[in-house]
$ cat my_file-v5.csv   # CSV, C-alpha atoms
chain,number,residue,atom,x,y,z
A,1,MET,CA,182.9,80.7,70.7
A,2,GLY,CA,184.3,80.8,67.2
A,3,GLU,CA,181.3,78.8,66.0
A,4,TYR,CA,178.9,81.4,67.2
A,5,PHE,CA,181.0,84.2,65.7
A,6,THR,CA,180.9,82.5,62.3
A,7,LEU,CA,177.2,82.0,62.6
A,8,PHE,CA,176.7,85.6,63.5
A,9,MET,CA,178.9,87.1,60.8
A,10,GLY,CA,177.5,84.6,58.3
A,11,ALA,CA,174.0,85.8,59.0
A,12,VAL,CA,175.0,89.5,58.9
A,13,ILE,CA,177.1,89.6,55.8
A,14,VAL,CA,177.6,86.4,53.8
A,15,ASN,CA,174.1,85.1,53.9
A,16,ASN,CA,172.4,88.5,54.3
A,17,PHE,CA,168.7,87.7,54.4
A,18,VAL,CA,167.6,90.5,52.3
A,19,LEU,CA,170.3,90.5,49.6
A,20,THR,CA,171.0,86.8,49.1
A,21,ARG,CA,167.8,85.2,50.3
A,22,PHE,CA,165.2,87.7,49.2
A,23,LEU,CA,163.5,87.7,52.6
A,24,GLY,CA,161.8,90.8,53.9
A,25,LEU,CA,161.7,92.5,50.5
A,26,CYS,CA,158.3,94.0,51.1
A,27,ILE,CA,159.5,96.2,54.0
A,28,PHE,CA,162.9,96.6,52.5
A,29,PHE,CA,161.5,98.4,49.5
A,30,GLY,CA,158.6,100.0,51.2
A,31,VAL,CA,160.5,101.6,54.1
A,32,SER,CA,163.9,102.3,52.6
A,33,LYS,CA,162.8,105.6,51.1
A,34,ASN,CA,163.5,107.3,54.3
A,35,LEU,CA,166.7,106.9,56.4
A,36,ASN,CA,165.2,107.6,59.8
A,37,ALA,CA,162.3,105.2,59.2
A,38,SER,CA,164.9,102.6,58.1
A,39,VAL,CA,166.9,102.8,61.3
A,40,GLY,CA,163.7,102.4,63.3
A,41,MET,CA,162.5,99.5,61.2
A,42,GLY,CA,165.9,97.8,61.4
A,43,MET,CA,165.8,98.0,65.2
A,44,ALA,CA,162.2,96.8,65.4
A,45,VAL,CA,162.8,93.8,63.2
A,46,THR,CA,165.9,92.8,65.1
A,47,SER,CA,164.2,92.9,68.5
A,48,VAL,CA,161.0,91.3,67.3
A,49,MET,CA,162.9,88.6,65.4
A,50,THR,CA,165.0,87.7,68.4
A,51,LEU,CA,162.1,87.5,70.8
A,52,SER,CA,160.0,85.5,68.4
A,53,SER,CA,162.9,83.1,67.7
A,54,ILE,CA,163.2,82.4,71.4
A,55,LEU,CA,159.4,81.8,71.7
A,56,ALA,CA,159.4,79.7,68.6
A,57,TRP,CA,162.4,77.7,69.8
A,58,ALA,CA,160.6,76.9,73.0
A,59,VAL,CA,157.4,75.8,71.3
A,60,TYR,CA,159.3,73.7,68.7
A,61,ASN,CA,161.6,71.9,71.2
A,62,TYR,CA,159.1,71.4,74.0
A,63,VAL,CA,155.8,70.9,72.1
A,64,LEU,CA,156.1,70.2,68.4
A,65,HIS,CA,159.2,68.0,68.3
A,66,PRO,CA,158.5,65.7,71.3
A,67,TYR,CA,154.9,65.1,70.3
A,68,ASN,CA,155.7,64.5,66.6
A,69,LEU,CA,153.7,67.5,65.5
A,70,THR,CA,156.4,69.0,63.3
A,71,PHE,CA,154.1,69.0,60.3
A,72,LEU,CA,152.1,71.8,62.1
A,73,THR,CA,155.2,74.0,62.3
A,74,THR,CA,154.1,76.5,59.7
A,75,ILE,CA,150.6,77.0,61.2
A,76,VAL,CA,151.8,77.2,64.7
A,77,PHE,CA,154.7,79.6,64.0
A,78,VAL,CA,152.5,82.0,62.0
A,79,VAL,CA,149.8,82.2,64.6
A,80,LEU,CA,152.4,82.3,67.4
A,81,ILE,CA,154.4,85.2,65.9
A,82,ALA,CA,151.4,87.2,64.7
A,83,SER,CA,149.8,87.1,68.1
A,84,PHE,CA,153.0,87.7,69.9
A,85,VAL,CA,153.6,90.9,67.9
A,86,GLN,CA,150.1,92.1,68.7
A,87,LEU,CA,150.6,91.4,72.4
A,88,LEU,CA,154.0,93.2,72.3
A,89,GLU,CA,152.3,96.2,70.6
A,90,MET,CA,149.6,96.3,73.4
A,91,ILE,CA,152.2,96.1,76.1
A,92,ILE,CA,154.4,98.8,74.7
A,93,LYS,CA,151.4,101.0,74.1
A,94,LYS,CA,150.3,100.7,77.7
A,95,HIS,CA,153.7,100.9,79.5
A,96,ALA,CA,156.0,102.9,77.2
A,97,PRO,CA,153.9,105.3,75.1
A,98,ALA,CA,157.0,107.2,74.0
A,99,LEU,CA,158.5,104.1,72.6
A,100,TYR,CA,155.2,103.2,71.0
A,101,ASN,CA,155.0,106.5,69.2
A,102,MET,CA,158.4,105.9,67.8
A,103,TRP,CA,158.1,102.2,66.9
A,104,GLY,CA,154.4,101.3,67.0
A,105,ILE,CA,153.8,101.6,63.3
A,106,TYR,CA,156.7,99.3,62.5
A,107,LEU,CA,155.4,96.6,64.8
A,108,VAL,CA,152.1,96.6,62.9
A,109,LEU,CA,153.9,96.2,59.6
A,110,ILE,CA,156.0,93.2,60.7
A,111,ALA,CA,153.3,91.2,62.4
A,112,THR,CA,153.2,88.8,59.4
A,113,ASN,CA,156.4,89.2,57.6
A,114,CYS,CA,158.6,86.9,55.6
A,115,ILE,CA,161.8,87.6,57.5
A,116,VAL,CA,160.3,87.5,60.9
A,117,LEU,CA,158.7,84.1,60.1
A,118,GLY,CA,161.6,82.8,58.0
A,119,VAL,CA,164.3,83.0,60.7
A,120,PRO,CA,162.4,80.8,63.3
A,121,LEU,CA,161.6,78.4,60.5
A,122,LEU,CA,165.2,78.1,59.5
A,123,ASN,CA,166.3,77.7,63.1
A,124,ALA,CA,163.8,74.8,63.5
A,125,GLU,CA,164.8,73.3,60.2
A,126,SER,CA,168.5,73.2,61.1
A,127,HIS,CA,167.8,72.1,64.7
A,128,PHE,CA,169.8,74.9,66.2
A,129,SER,CA,170.4,74.9,70.0
A,130,PHE,CA,168.9,77.7,72.0
A,131,LEU,CA,172.0,79.9,72.0
A,132,LYS,CA,172.6,79.3,68.3
A,133,SER,CA,169.0,80.3,67.5
A,134,VAL,CA,169.4,83.5,69.4
A,135,VAL,CA,172.7,84.3,67.8
A,136,HIS,CA,171.3,83.5,64.4
A,137,ALA,CA,168.2,85.7,65.0
A,138,ILE,CA,170.3,88.7,66.2
A,139,GLY,CA,172.7,88.3,63.3
A,140,SER,CA,169.8,88.1,60.8
A,141,GLY,CA,168.3,91.2,62.3
A,142,VAL,CA,171.5,93.1,62.2
A,143,GLY,CA,172.0,92.0,58.6
A,144,PHE,CA,168.5,93.3,57.7
A,145,ALA,CA,169.2,96.6,59.5
A,146,LEU,CA,172.5,97.0,57.7
A,147,ALA,CA,170.9,96.3,54.3
A,148,ILE,CA,168.0,98.6,54.8
A,149,ILE,CA,170.1,101.5,56.2
A,150,LEU,CA,172.6,101.2,53.3
A,151,MET,CA,169.7,101.1,50.8
A,152,ALA,CA,168.0,104.1,52.4
A,153,SER,CA,171.2,106.1,52.2
A,154,LEU,CA,171.6,105.2,48.6
A,155,ARG,CA,168.0,106.1,47.8
A,156,GLU,CA,168.2,109.5,49.5
A,157,LYS,CA,171.1,110.3,47.2
A,158,LEU,CA,169.1,108.9,44.3
A,159,GLN,CA,166.6,111.7,44.6
A,160,TYR,CA,169.1,114.1,43.1
A,161,ALA,CA,169.8,111.8,40.2
A,162,ASP,CA,168.1,112.1,36.8
A,163,VAL,CA,166.4,108.7,36.5
A,164,PRO,CA,164.6,107.8,33.2
A,165,LYS,CA,160.8,108.0,33.8
A,166,SER,CA,160.1,104.3,33.4
A,167,LEU,CA,162.8,103.3,35.8
A,168,GLN,CA,161.7,105.6,38.6
A,169,GLY,CA,160.5,104.1,41.8
A,170,LEU,CA,160.6,100.4,42.1
A,171,GLY,CA,162.6,99.7,39.0
A,172,ILE,CA,165.7,101.6,39.9
A,173,ALA,CA,165.3,100.4,43.5
A,174,PHE,CA,165.6,96.8,42.4
A,175,ILE,CA,168.6,97.5,40.3
A,176,LEU,CA,170.2,99.3,43.2
A,177,ALA,CA,169.5,96.4,45.4
A,178,GLY,CA,171.2,94.2,42.8
A,179,MET,CA,174.3,96.3,42.9
A,180,LEU,CA,174.3,96.2,46.7
A,181,ALA,CA,173.9,92.4,46.6
A,182,LEU,CA,176.7,92.2,44.1
A,183,SER,CA,179.1,94.0,46.4
A,184,PHE,CA,178.0,91.8,49.3
A,185,PHE,CA,178.9,88.9,47.2
A,186,GLY,CA,182.6,89.9,47.6
A,187,PHE,CA,182.3,88.6,51.2
A,188,SER,CA,181.2,85.2,50.2
A,189,GLY,CA,184.7,83.7,50.3
A,190,MET,CA,185.3,85.1,53.7
A,191,ILE,CA,183.6,82.5,55.8
A,192,PRO,CA,183.5,78.8,54.9
A,193,LEU,CA,179.9,77.7,54.9
B,1,MET,CA,131.8,96.4,45.6
B,2,ASN,CA,132.3,94.4,42.4
B,3,ASN,CA,130.4,95.2,39.3
B,4,PRO,CA,127.9,92.4,38.9
B,5,ASN,CA,128.1,92.4,35.1
B,6,GLN,CA,131.8,91.7,35.2
B,7,SER,CA,132.1,88.3,33.5
B,8,LEU,CA,134.1,85.5,35.0
B,9,TRP,CA,136.6,85.7,32.1
B,10,GLU,CA,137.3,89.4,33.0
B,11,ILE,CA,137.7,88.5,36.7
B,12,PHE,CA,140.2,85.8,35.6
B,13,TYR,CA,141.9,87.9,33.0
B,14,LYS,CA,142.7,90.9,35.1
B,15,GLY,CA,145.1,88.9,37.2
B,16,LEU,CA,147.2,87.9,34.1
B,17,PHE,CA,148.3,91.3,32.9
B,18,GLU,CA,146.4,94.4,34.1
B,19,GLN,CA,146.9,93.6,37.8
B,20,ASN,CA,149.7,91.1,37.5
B,21,PRO,CA,150.7,90.4,41.1
B,22,ILE,CA,154.4,90.6,40.5
B,23,PHE,CA,154.9,93.4,38.0
B,24,ARG,CA,151.9,95.6,38.5
B,25,LEU,CA,151.1,95.6,42.1
B,26,ALA,CA,154.6,94.8,43.4
B,27,LEU,CA,152.8,92.9,46.1
B,28,SER,CA,154.3,89.6,47.2
B,29,LEU,CA,157.4,90.1,45.2
B,30,CYS,CA,158.9,88.8,48.4
B,31,PRO,CA,160.8,85.6,48.7
B,32,ALA,CA,159.4,83.9,45.7
B,33,LEU,CA,162.1,85.4,43.6
B,34,ALA,CA,164.7,83.4,45.4
B,35,VAL,CA,163.6,80.2,43.7
B,36,THR,CA,163.4,81.6,40.2
B,37,SER,CA,167.0,80.6,39.3
B,38,THR,CA,165.7,77.5,37.5
B,39,VAL,CA,162.5,77.1,35.5
B,40,VAL,CA,161.4,73.9,37.3
B,41,ASN,CA,161.6,75.6,40.8
B,42,ALA,CA,159.9,78.7,39.5
B,43,LEU,CA,157.1,76.6,38.0
B,44,ALA,CA,156.7,74.5,41.2
B,45,MET,CA,156.5,77.7,43.3
B,46,GLY,CA,154.1,79.3,40.9
B,47,LEU,CA,151.8,76.3,40.8
B,48,SER,CA,151.9,76.1,44.6
B,49,VAL,CA,150.9,79.7,45.0
B,50,LEU,CA,148.2,79.3,42.3
B,51,PHE,CA,146.7,76.4,44.3
B,52,VAL,CA,147.0,78.1,47.7
B,53,ILE,CA,145.4,81.4,46.5
B,54,THR,CA,142.6,79.7,44.6
B,55,ALA,CA,141.8,77.2,47.5
B,56,ASN,CA,142.0,80.0,50.0
B,57,ASN,CA,139.6,82.3,48.0
B,58,VAL,CA,137.1,79.4,47.9
B,59,VAL,CA,137.3,78.7,51.6
B,60,VAL,CA,137.1,82.3,52.6
B,61,SER,CA,134.1,83.0,50.4
B,62,LEU,CA,132.3,79.9,51.6
B,63,PHE,CA,132.7,80.9,55.2
B,64,ARG,CA,132.4,84.7,54.8
B,65,HIS,CA,129.1,85.0,56.6
B,66,TRP,CA,130.3,83.1,59.7
B,67,VAL,CA,133.5,84.9,60.3
B,68,ASN,CA,133.2,87.9,62.6
B,69,PRO,CA,134.8,90.9,60.9
B,70,LYS,CA,136.9,91.6,64.0
B,71,VAL,CA,138.8,88.4,63.8
B,72,ARG,CA,138.8,88.0,60.1
B,73,VAL,CA,142.6,88.4,59.6
B,74,PRO,CA,143.7,85.7,62.0
B,75,VAL,CA,141.0,83.4,60.5
B,76,PHE,CA,142.3,84.1,57.0
B,77,ILE,CA,145.9,83.5,58.0
B,78,THR,CA,145.1,80.3,59.7
B,79,SER,CA,143.2,79.1,56.6
B,80,ILE,CA,146.1,80.1,54.4
B,81,ALA,CA,148.6,78.3,56.7
B,82,THR,CA,146.5,75.2,56.7
B,83,ILE,CA,146.4,75.1,52.9
B,84,VAL,CA,150.1,75.8,52.6
B,85,THR,CA,150.8,72.9,55.0
B,86,VAL,CA,148.7,70.6,52.7
B,87,VAL,CA,150.9,71.7,49.8
B,88,GLN,CA,154.1,71.1,51.8
B,89,LEU,CA,153.0,67.6,52.7
B,90,VAL,CA,152.0,66.7,49.2
B,91,LEU,CA,155.2,68.0,47.7
B,92,GLU,CA,157.3,66.3,50.4
B,93,ALA,CA,155.6,62.9,49.7
B,94,TYR,CA,155.6,63.0,45.9
B,95,PHE,CA,158.4,65.4,44.8
B,96,PRO,CA,161.0,65.3,47.5
B,97,GLU,CA,163.7,67.0,45.4
B,98,LEU,CA,161.5,69.9,44.7
B,99,PHE,CA,160.5,70.1,48.3
B,100,LYS,CA,164.1,70.3,49.2
B,101,ALA,CA,164.9,72.9,46.6
B,102,LEU,CA,162.1,75.2,47.7
B,103,SER,CA,162.8,74.6,51.4
B,104,ILE,CA,161.5,77.3,53.7
B,105,TYR,CA,160.2,79.4,50.8
B,106,LEU,CA,157.3,77.0,50.5
B,107,ALA,CA,156.3,77.7,54.1
B,108,LEU,CA,156.7,81.4,53.5
B,109,ILE,CA,153.8,81.4,51.0
B,110,VAL,CA,151.8,81.9,54.2
B,111,VAL,CA,152.9,85.5,54.5
B,112,PHE,CA,152.6,86.5,50.8
B,113,ALA,CA,150.7,89.7,50.9
B,114,ILE,CA,148.9,88.9,47.7
B,115,ILE,CA,147.0,85.9,49.1
B,116,LEU,CA,145.7,87.8,52.2
B,117,ALA,CA,144.9,90.8,50.0
B,118,ARG,CA,142.8,88.7,47.6
B,119,ALA,CA,140.9,87.2,50.6
B,120,GLU,CA,140.3,90.6,52.1
B,121,VAL,CA,139.5,92.5,48.9
B,122,PHE,CA,137.6,89.9,46.8
B,123,ALA,CA,136.7,86.6,48.4
B,124,ALA,CA,135.3,88.1,51.6
B,125,LYS,CA,132.8,90.0,49.6
B,126,ASN,CA,131.9,87.7,46.7
B,127,THR,CA,130.3,84.3,46.1
B,128,VAL,CA,132.3,81.2,45.5
B,129,VAL,CA,132.5,81.1,41.7
B,130,PRO,CA,133.8,84.6,41.1
B,131,SER,CA,136.2,84.1,44.0
B,132,PHE,CA,137.5,81.0,42.5
B,133,PHE,CA,138.2,82.7,39.2
B,134,ASP,CA,139.7,85.7,40.9
B,135,GLY,CA,142.2,83.5,42.8
B,136,PHE,CA,142.8,81.4,39.7
B,137,GLY,CA,143.6,84.5,37.6
B,138,MET,CA,145.9,86.1,40.2
B,139,GLY,CA,147.6,82.8,40.7
B,140,ALA,CA,148.0,82.2,37.0
B,141,GLY,CA,149.5,85.7,36.6
B,142,PHE,CA,151.9,85.1,39.4
B,143,ALA,CA,152.9,81.7,38.1
B,144,GLY,CA,153.3,83.1,34.6
B,145,ALA,CA,155.6,85.9,35.8
B,146,MET,CA,157.6,83.4,37.9
B,147,VAL,CA,158.1,81.1,34.9
B,148,LEU,CA,159.1,84.0,32.7
B,149,ILE,CA,161.7,85.2,35.2
B,150,GLY,CA,162.9,81.6,35.6
B,151,VAL,CA,163.2,81.1,31.8
B,152,ILE,CA,165.3,84.2,31.4
B,153,ARG,CA,167.5,83.5,34.4
B,154,GLU,CA,168.1,79.9,33.5
B,155,LEU,CA,168.6,80.5,29.8
B,156,PHE,CA,171.3,83.2,30.3
B,157,GLY,CA,172.7,81.9,33.5
B,158,ALA,CA,173.2,78.3,32.5
B,159,GLY,CA,172.3,78.1,28.8
B,160,THR,CA,169.5,75.6,29.6
B,161,ILE,CA,165.7,75.5,29.9
B,162,PHE,CA,164.1,72.8,32.1
B,163,GLY,CA,167.6,71.4,32.3
B,164,PHE,CA,167.8,70.9,28.5
B,165,GLN,CA,170.7,72.5,26.8
B,166,VAL,CA,169.6,75.4,24.5
B,167,PHE,CA,172.7,77.3,23.7
B,168,SER,CA,175.7,75.5,22.2
B,169,ASP,CA,178.8,74.6,24.3
B,170,ALA,CA,180.5,77.7,23.0
B,171,TYR,CA,178.1,79.9,25.1
B,172,ASN,CA,179.8,81.1,28.2
B,173,PRO,CA,177.0,81.3,30.8
B,174,VAL,CA,176.5,84.6,32.6
B,175,LEU,CA,176.7,83.3,36.1
B,176,ILE,CA,175.4,86.4,37.7
B,177,MET,CA,171.9,85.7,36.2
B,178,ILE,CA,171.4,82.7,38.5
B,179,LEU,CA,172.9,84.4,41.5
B,180,PRO,CA,170.7,86.6,43.7
B,181,PRO,CA,172.1,90.0,42.4
B,182,GLY,CA,171.2,89.0,38.8
B,183,GLY,CA,167.6,88.3,40.1
B,184,PHE,CA,167.3,91.8,41.5
B,185,ILE,CA,168.7,93.5,38.4
B,186,LEU,CA,166.5,91.4,36.1
B,187,ILE,CA,163.3,92.3,38.0
B,188,GLY,CA,164.3,96.0,38.0
B,189,VAL,CA,164.7,95.9,34.2
B,190,MET,CA,161.5,94.0,33.7
B,191,ILE,CA,159.5,96.5,35.9
B,192,ALA,CA,161.0,99.3,33.8
B,193,GLY,CA,160.1,97.5,30.6
B,194,ILE,CA,156.5,97.1,31.7
B,195,ASN,CA,156.3,100.7,32.7
B,196,LEU,CA,157.7,101.7,29.3
B,197,PHE,CA,155.1,99.6,27.6
B,198,GLY,CA,152.4,101.2,29.7
B,199,GLU,CA,153.7,104.7,28.8
B,200,TYR,CA,153.7,103.7,25.1
B,201,GLN,CA,150.1,102.5,25.3
B,202,GLU,CA,149.1,105.6,27.0
B,203,LYS,CA,150.7,107.8,24.5
B,204,ASN,CA,149.1,105.9,21.7
B,205,ARG,CA,145.7,106.2,23.3
B,206,ALA,CA,146.1,109.9,23.8
B,207,ALA,CA,147.2,110.3,20.2
B,208,LYS,CA,144.2,108.4,19.0
B,209,ALA,CA,141.8,110.4,21.1
B,210,LYS,CA,143.4,113.6,19.7
B,211,ALA,CA,142.9,112.4,16.2
B,212,GLY,CA,139.3,111.7,16.9
B,213,ALA,CA,139.5,108.1,15.7
B,214,THR,CA,136.8,105.6,16.5
B,215,PRO,CA,138.3,103.9,19.6
B,216,ALA,CA,136.1,100.8,19.3
B,217,LEU,CA,137.5,99.9,15.9
B,218,GLN,CA,141.1,100.7,16.8
B,219,GLY,CA,140.9,98.9,20.1
B,220,SER,CA,140.0,95.6,18.4
B,221,GLU,CA,143.1,95.8,16.2
B,222,ALA,CA,145.4,96.2,19.1
$ encode --input "my_file-v5.csv" --output "structure tokens"
Amino acid sequence: MGEYFTLFMGAVIVNNFVLTRFLGLCIFFGVSKNLNASVGMGMAVTSVMTLSSILAWAVYNYVLHPYNLTFLTTIVFVVLIASFVQLLEMIIKKHAPALYNMWGIYLVLIATNCIVLGVPLLNAESHFSFLKSVVHAIGSGVGFALAIILMASLREKLQYADVPKSLQGLGIAFILAGMLALSFFGFSGMIPL
Amino acid sequence: MNNPNQSLWEIFYKGLFEQNPIFRLALSLCPALAVTSTVVNALAMGLSVLFVITANNVVVSLFRHWVNPKVRVPVFITSIATIVTVVQLVLEAYFPELFKALSIYLALIVVFAIILARAEVFAAKNTVVPSFFDGFGMGAGFAGAMVLIGVIRELFGAGTIFGFQVFSDAYNPVLIMILPPGGFILIGVMIAGINLFGEYQEKNRAAKAKAGATPALQGSEA
């Protein structure tokens, strides 16, 4: 149990995917201008990542690994995840239009994304068990949501600040992310890796 | 869509500065930044991306007439993933330490927005030779920016470049530069610097236009 808790907290805080591994930066900077959108994005990424990790785990452990096809991991995972997200989008559109109106746009954005692809790849690389893969995926998703929500709150405050013209936009956003990453670094001694 | 008179050099050159994939377009600033803490890793990553984007542009432009527009994105992604796998296998065979250092970031080249964007915007509409130079220019701009970031981070963070000591022992390394937060802050400052330079150029140009100077002559001086 303790092992899973460590893995989860590690993925959320200590090895936060956005702030210490630079994964998912495109959506992190793109969406964090708006708090509501960030909450939606965080939830969408968490659920898609968990589901695609389960799928990828099954394919890796029942197809790629037994048949010595691990060199195809990159190709298979990309195609698998992109088509899975498309399928998910269609299903939600058909059966839960309200949910689709809320989340549909985020699904399109994350079909091929570094963080959604990165977590299954890491799981495969570290040969995680099924349960560990799921815990790791949920932790990474929660970590992403935490980072993007914090960032969005900061950026909303930033609109009232007088930022020099050349720093406006992406420049100040990067520096802000650096500060956020720095404060997350305070956690790094918390869990032995 | 592209101006036919545009020379190959111009196609190549625009990727280096004017549309530099890291600083200008902010595309694909994704995970590549994680490996810029040393120059060697940054260079390896930059060259890998350079190869993938060039090869993919060539492949896409060769097959552009046979790909149904409806399925073009999956086809492009599969093509990119295949080329990335080739790079992974080559690095794993000949440079195992580099392969280990770049770990999953190498596989993540597949989802770099810049590569798919170049395939969509340029290679799918142009012949092989311009596509090659477009990819090469974009890739070179990307690699150059990566190396620049790598040099700054390694120099100040460890006092070395390519592992050779540059600063004397008395230099106390600024550890934050090679840690992730330093990477974020450095990129932010660099983006601001480039914006500042752009503003300065703009102002100069406006001043010259106002003064009624001959732009052709002045342009060659700059």
$ closest_residue --input "my_file-v5.csv" --among "A:Ile81, A:Leu51, A:Cys114, A:Leu167" --to "Leu108 of chain B" --atoms "only C-alpha atoms"
A:Cys114
$ closest_atom_pairs --input "my_file-v5.csv" --of "chain B" --to "chain A" --cutoff "6 Å" --atoms "only C-alpha atoms" --output "Markdown table"
| residue | atom | partner | partner_atom | distance |
| --- | --- | --- | --- | --- |
| B:Cys30 | CA | A:Leu25 | CA | 5.1 |
| B:Pro31 | CA | A:Phe22 | CA | 4.9 |
| B:Ala34 | CA | A:Phe22 | CA | 5.8 |
| B:Ala81 | CA | A:Ile75 | CA | 5.1 |
| B:Val111 | CA | A:Thr112 | CA | 5.9 |
| B:Pro180 | CA | A:Thr20 | CA | 5.4 |
| B:Pro181 | CA | A:Gly178 | CA | 4.3 |
| B:Phe184 | CA | A:Gly178 | CA | 4.8 |
| B:Ile185 | CA | A:Ile175 | CA | 4.4 |
| B:Gly188 | CA | A:Gly171 | CA | 4.2 |
| B:Ile191 | CA | A:Gly171 | CA | 5.4 |
| B:Ala192 | CA | A:Leu167 | CA | 4.8 |
| B:Asn195 | CA | A:Ser166 | CA | 5.3 |
| B:Leu196 | CA | A:Ser166 | CA | 5.4 |
$ closest_residue --input "my_file-v5.csv" --among "B:Val40, B:Ile114, B:Leu91, B:Val67" --to "Ile53 of chain B" --atoms "all atoms listed in the file"
B:Ile114
$ residues_around --input "my_file-v5.csv" --residues "Ile161 of chain B" --least-positions-apart "5" --cutoff "9 Å" --atoms "only C-alpha atoms" --output "ChimeraX atom specification"
/B:38-40,150-152,154-155,166
$ write_last_selection --input "my_file-v5.csv" --atoms "C-alpha atoms" --output "compact mmCIF listing (two decimals), in the coordinates of the input"
# COMPACT_ATOMS: atom_id res chain seq x y z
CA THR B 38 165.70 77.50 37.50
CA VAL B 39 162.50 77.10 35.50
CA VAL B 40 161.40 73.90 37.30
CA GLY B 150 162.90 81.60 35.60
CA VAL B 151 163.20 81.10 31.80
CA ILE B 152 165.30 84.20 31.40
CA GLU B 154 168.10 79.90 33.50
CA LEU B 155 168.60 80.50 29.80
CA VAL B 166 169.60 75.40 24.50
$ atom_distance --input "my_file-v5.csv" --atom1 "atom CA of Ile138 of chain A" --atom2 "atom CA of Thr50 of chain A"
5.8 Å
$ residues_around --input "my_file-v5.csv" --residues "segment 151-156 of chain A" --least-positions-apart "4" --cutoff "6 Å" --atoms "all atoms listed in the file" --output "number ranges by chain"
A: 32-35
$ closest_residue --input "my_file-v5.csv" --among "B:Asn172, B:Gly46, B:Lys210, B:Glu199" --to "Thr160 of chain B" --atoms "all atoms listed in the file"
B:Asn172
$ residues_around --input "my_file-v5.csv" --residues "segment 98-104 of chain A" --least-positions-apart "3" --cutoff "12 Å" --atoms "all atoms listed in the file" --output "list in words"
Asn36, Ala37, Ser38, Val39, Gly40, Met41, Gly42, Met43, Ala44, Val45, Ser47, Val48, Val85, Gln86, Leu87, Leu88, Glu89, Met90, Ile91, Ile92, Lys93, Lys94, His95, Leu107, Val108, Leu109, Ile110 and Ala111 of chain A
$ write_last_selection --input "my_file-v5.csv" --atoms "C-alpha atoms" --output "compact mmCIF listing (two decimals), in the frame of the given file"
# COMPACT_ATOMS: atom_id res chain seq x y z
CA ASN A 36 165.20 107.60 59.80
CA ALA A 37 162.30 105.20 59.20
CA SER A 38 164.90 102.60 58.10
CA VAL A 39 166.90 102.80 61.30
CA GLY A 40 163.70 102.40 63.30
CA MET A 41 162.50 99.50 61.20
CA GLY A 42 165.90 97.80 61.40
CA MET A 43 165.80 98.00 65.20
CA ALA A 44 162.20 96.80 65.40
CA VAL A 45 162.80 93.80 63.20
CA SER A 47 164.20 92.90 68.50
CA VAL A 48 161.00 91.30 67.30
CA VAL A 85 153.60 90.90 67.90
CA GLN A 86 150.10 92.10 68.70
CA LEU A 87 150.60 91.40 72.40
CA LEU A 88 154.00 93.20 72.30
CA GLU A 89 152.30 96.20 70.60
CA MET A 90 149.60 96.30 73.40
CA ILE A 91 152.20 96.10 76.10
CA ILE A 92 154.40 98.80 74.70
CA LYS A 93 151.40 101.00 74.10
CA LYS A 94 150.30 100.70 77.70
CA HIS A 95 153.70 100.90 79.50
CA LEU A 107 155.40 96.60 64.80
CA VAL A 108 152.10 96.60 62.90
CA LEU A 109 153.90 96.20 59.60
CA ILE A 110 156.00 93.20 60.70
CA ALA A 111 153.30 91.20 62.40
$ closest_residue --input "my_file-v5.csv" --among "A:Val31, A:Met49, A:Ile13, A:Leu69" --to "Leu146 of chain A" --atoms "all atoms listed in the file"
A:Ile13
$ axis_aligned_box --input "my_file-v5.csv" --around "segment 52-56 of chain A" --padding-each-side "4 Å" --output "AutoDock Vina command-line options"
--center_x 161.3 --center_y 82.6 --center_z 69.7 --size_x 11.8 --size_y 13.8 --size_z 12.0
$ atom_distance --input "my_file-v5.csv" --atom1 "atom CA of Ile109 of chain B" --atom2 "atom CA of Met45 of chain B"
9.0 Å
$ residues_around --input "my_file-v5.csv" --residues "Val87 of chain B" --least-positions-apart "3" --cutoff "9 Å" --atoms "all atoms listed in the file" --output "list in words"
Ser48, Phe51, Val52, Thr82, Ile83, Val84, Val90, Leu91, Glu92 and Leu106 of chain B
$ atom_distance --input "my_file-v5.csv" --atom1 "atom CA of Val174 of chain B" --atom2 "atom CA of Ala161 of chain A"
29.0 Å
$ residues_around --input "my_file-v5.csv" --residues "Met9 of chain A" --least-positions-apart "3" --cutoff "12 Å" --atoms "all atoms listed in the file" --output "JSON, numbers by chain"
{"A": [2, 3, 4, 5, 6, 12, 13, 14, 15, 16, 135, 136, 137, 138, 139, 140, 141, 142, 143, 187, 188, 190, 191, 192, 193]}
$ write_last_selection --input "my_file-v5.csv" --atoms "C-alpha atoms" --output "short mmCIF file (atom, residue, chain, number, x, y, z; two decimals), in the coordinates of the input"
data_model
loop_
_atom_site.label_atom_id
_atom_site.label_comp_id
_atom_site.auth_asym_id
_atom_site.auth_seq_id
_atom_site.Cartn_x
_atom_site.Cartn_y
_atom_site.Cartn_z
CA GLY A 2 184.30 80.80 67.20
CA GLU A 3 181.30 78.80 66.00
CA TYR A 4 178.90 81.40 67.20
CA PHE A 5 181.00 84.20 65.70
CA THR A 6 180.90 82.50 62.30
CA VAL A 12 175.00 89.50 58.90
CA ILE A 13 177.10 89.60 55.80
CA VAL A 14 177.60 86.40 53.80
CA ASN A 15 174.10 85.10 53.90
CA ASN A 16 172.40 88.50 54.30
CA VAL A 135 172.70 84.30 67.80
CA HIS A 136 171.30 83.50 64.40
CA ALA A 137 168.20 85.70 65.00
CA ILE A 138 170.30 88.70 66.20
CA GLY A 139 172.70 88.30 63.30
CA SER A 140 169.80 88.10 60.80
CA GLY A 141 168.30 91.20 62.30
CA VAL A 142 171.50 93.10 62.20
CA GLY A 143 172.00 92.00 58.60
CA PHE A 187 182.30 88.60 51.20
CA SER A 188 181.20 85.20 50.20
CA MET A 190 185.30 85.10 53.70
CA ILE A 191 183.60 82.50 55.80
CA PRO A 192 183.50 78.80 54.90
CA LEU A 193 179.90 77.70 54.90
#
